[in-house]
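Notes follow the structure.
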Amino acid sequence: LLSDVSLKSYSDISYHNEDLKSLTRYRFSKVEERAKLKTSLSRLAQILFPELEKLVPTLHMTSIYQLLEAFPSASAIASAHLTRLTKLLSKASKGHYNRETAIKIREAAKNSIGSNMPAKSLELKHTIKLIRALTIDIGEIEAEISKMMDKIASPITTIPGIGNNMGAMIISEIGDFSRFSSPDKILAYAGYSPSTYQSGKLDNCYAHMEKRGSHYLRYALFQATQRVCHLDSTFSAYLAKKRAEGKHYYVAISHAVKKLVRVIFHLEKTKQAFLKAS
């Protein structure tokens, strides 16, 4: 008060925005934590039963988690009773995997080059438990984010490819859109402004992104742009155009990020829904 600065009251919108930012950042840390555990699980599976990865679309499925939790090594699967193995896989996959799959996995386990290491098997079981616990936590966080997004009713989620989680991260990191006079200011805040190197009369012709500002916002915009370019024909065509000009994929994506920020800025200012190209 003594500084004689024009003060603004802390609005209800600002309060909810801080709450949403806290939730999205908390979710981000939990997702990162789970990703590290999934990498660890893949590493352990390579040691204990390396052939399994080629028999299934991905190791990170409920059915495979249950299989590895019950039989955490190739030798354990090889010695398992076929009926029990079939029932476990069928129930966990909701009927997708049958007796034929169970036979294929058990035969691969019998001929596996995987190591029989009880310590690694125990680590694998504990890793699966931690992944499951984190998945439950992330689900609870996402439910709270969805509730807050329903109250906010932001038009950002009308853009194809941007759901509640990614949309919440973008708008909470940007905050009050009235703080920014143009989309370029948001790009600068996210660290998407190209840096300039100048020495005497020499200017850098291949400028890199500054990567200052909110790295959470930079991450969210990059991920959202990839999805939008995949699902929306206008953005897909724009990305293809930039690639045809000879630009590297990530450079082309950075151009699409700028286009997406312009769209988000307009939608938030006008509170209009995104109109898909016919």
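We label chains A, B, ... in the order they appear in the structure tokens, count residues from 1 in each chain, and number ligands from 1 in the order shown.
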
* To do: Just the residues within 7 Å of Ala74 of chain A, please, counting only C-alpha atoms, with nothing from its chain fewer than 5 positions along; format it as a VMD selection string.
  => chain A and resid 48 to 49 109 112 114

* Asked: If you run DSSP on the backbone, which residues of segment 119-223 of chain A are helix (DSSP H, G or I), as a PyMOL selection string?
  -> chain A and resi 119-152+155-158+164-174+177-179+183-190+215-223

Taking only C-alpha atoms into account, produce a table as a tab-separated table in which each residue of segment 218-278 of chain A with an atom at most 12 Å from an atom of segment 156-168 of chain A appears once, together with its shortest atom pair and the distance in Å to one decimal, ordered by chain and rising number.
```
residue	atom	partner	partner_atom	distance
A:Arg218	CA	A:Met166	CA	11.6
A:Tyr219	CA	A:Met166	CA	9.7
A:Ala220	CA	A:Met166	CA	6.2
A:Leu221	CA	A:Met166	CA	8.3
A:Phe222	CA	A:Met166	CA	10.4
A:Gln223	CA	A:Met166	CA	8.2
A:Ala224	CA	A:Ile162	CA	6.0
A:Thr225	CA	A:Gly161	CA	8.1
A:Gln226	CA	A:Gly161	CA	8.4
A:Arg227	CA	A:Gly161	CA	5.0
A:Val228	CA	A:Gly161	CA	4.7
A:Cys229	CA	A:Gly161	CA	8.2
A:His230	CA	A:Gly161	CA	7.9
A:Leu231	CA	A:Pro160	CA	6.0
A:Asp232	CA	A:Pro160	CA	6.2
A:Ser233	CA	A:Pro160	CA	9.9
A:Thr234	CA	A:Pro160	CA	10.9
A:Phe235	CA	A:Pro160	CA	10.2
A:Ser236	CA	A:Pro160	CA	11.5
A:Leu260	CA	A:Ile159	CA	9.4
A:Val261	CA	A:Ile156	CA	10.4
A:Arg262	CA	A:Ile156	CA	11.7
A:Val263	CA	A:Ile156	CA	9.0
A:Ile264	CA	A:Ile156	CA	6.3
A:Phe265	CA	A:Ile156	CA	9.3
A:His266	CA	A:Ile156	CA	10.0
A:Leu267	CA	A:Ile156	CA	7.0
A:Glu268	CA	A:Ile156	CA	7.4
A:Lys269	CA	A:Ile156	CA	11.0
A:Thr270	CA	A:Ile156	CA	11.4
A:Lys271	CA	A:Ile156	CA	9.1
A:Gln272	CA	A:Ile156	CA	9.2
A:Ala273	CA	A:Thr158	CA	5.9
A:Phe274	CA	A:Thr158	CA	5.5
A:Leu275	CA	A:Ile159	CA	8.1
A:Lys276	CA	A:Ile159	CA	8.2
A:Ala277	CA	A:Pro160	CA	11.2
```

* Which one of A:Ala76, A:Tyr192, A:Ile128, A:Tyr249 sits closest to Thr39 of chain A if you count only C-alpha atoms? -> A:Ile128

* To do: Extract, using only C-alpha atoms, all DNA, RNA and protein residues at most 9 Å from segment 18-23 of chain A, discarding same-chain residues fewer than 6 positions from it, and format them as a list of chain:residue names.
  => A:Ile141, A:Glu142, A:Glu144, A:Ile145, A:Met148, A:Met149, A:Ala168, A:Met169, A:Ile171, A:Ser172, A:Glu173, A:Gly175

* Might you pull out every residue within 12 Å of Lys185 of chain A, with only C-alpha atoms counted and same-chain residues fewer than 3 positions away left off, and present them as a PyMOL selection string? => chain A and resi 174+177-182+188-193+213+258+261-262+265

* Asked: By how many Å are atom CA of Ile64 of chain A and atom CA of Lys30 of chain A apart?
  ->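 Interatomic distance here is 21.9 Å.
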
Extract, using only C-alpha atoms, all DNA, RNA and protein residues at most 10 Å from Leu134 of chain A, discarding same-chain residues fewer than 6 positions from it, and format them as a PDB file with N, CA and C atoms, in the first residue's frame.
```pdb
ATOM      1  N   LYS A  30       2.949 -36.361 -11.332  1.00  0.00           N
ATOM      2  CA  LYS A  30       2.537 -37.758 -11.146  1.00  0.00           C
ATOM      3  C   LYS A  30       2.666 -38.562 -12.440  1.00  0.00           C
ATOM      4  N   VAL A  31       2.306 -37.947 -13.554  1.00  0.00           N
ATOM      5  CA  VAL A  31       2.424 -38.610 -14.863  1.00  0.00           C
ATOM      6  C   VAL A  31       3.897 -38.870 -15.193  1.00  0.00           C
ATOM      7  N   GLU A  33       6.264 -39.275 -12.997  1.00  0.00           N
ATOM      8  CA  GLU A  33       6.689 -40.330 -12.072  1.00  0.00           C
ATOM      9  C   GLU A  33       6.276 -41.703 -12.591  1.00  0.00           C
ATOM     10  N   ARG A  34       5.046 -41.780 -13.098  1.00  0.00           N
ATOM     11  CA  ARG A  34       4.549 -43.051 -13.644  1.00  0.00           C
ATOM     12  C   ARG A  34       5.316 -43.447 -14.899  1.00  0.00           C
ATOM     13  N   LEU A  37       8.478 -45.138 -13.997  1.00  0.00           N
ATOM     14  CA  LEU A  37       8.234 -46.498 -13.517  1.00  0.00           C
ATOM     15  C   LEU A  37       7.946 -47.446 -14.675  1.00  0.00           C
ATOM     16  N   ILE A 128       4.939 -52.715 -10.586  1.00  0.00           N
ATOM     17  CA  ILE A 128       3.558 -52.792 -11.084  1.00  0.00           C
ATOM     18  C   ILE A 128       2.582 -52.220 -10.057  1.00  0.00           C
ATOM     19  N   GLU A 140      -7.957 -39.576  -9.872  1.00  0.00           N
ATOM     20  CA  GLU A 140      -8.626 -38.683  -8.912  1.00  0.00           C
ATOM     21  C   GLU A 140      -8.323 -37.218  -9.226  1.00  0.00           C
TER      22      GLU A 140
END
```
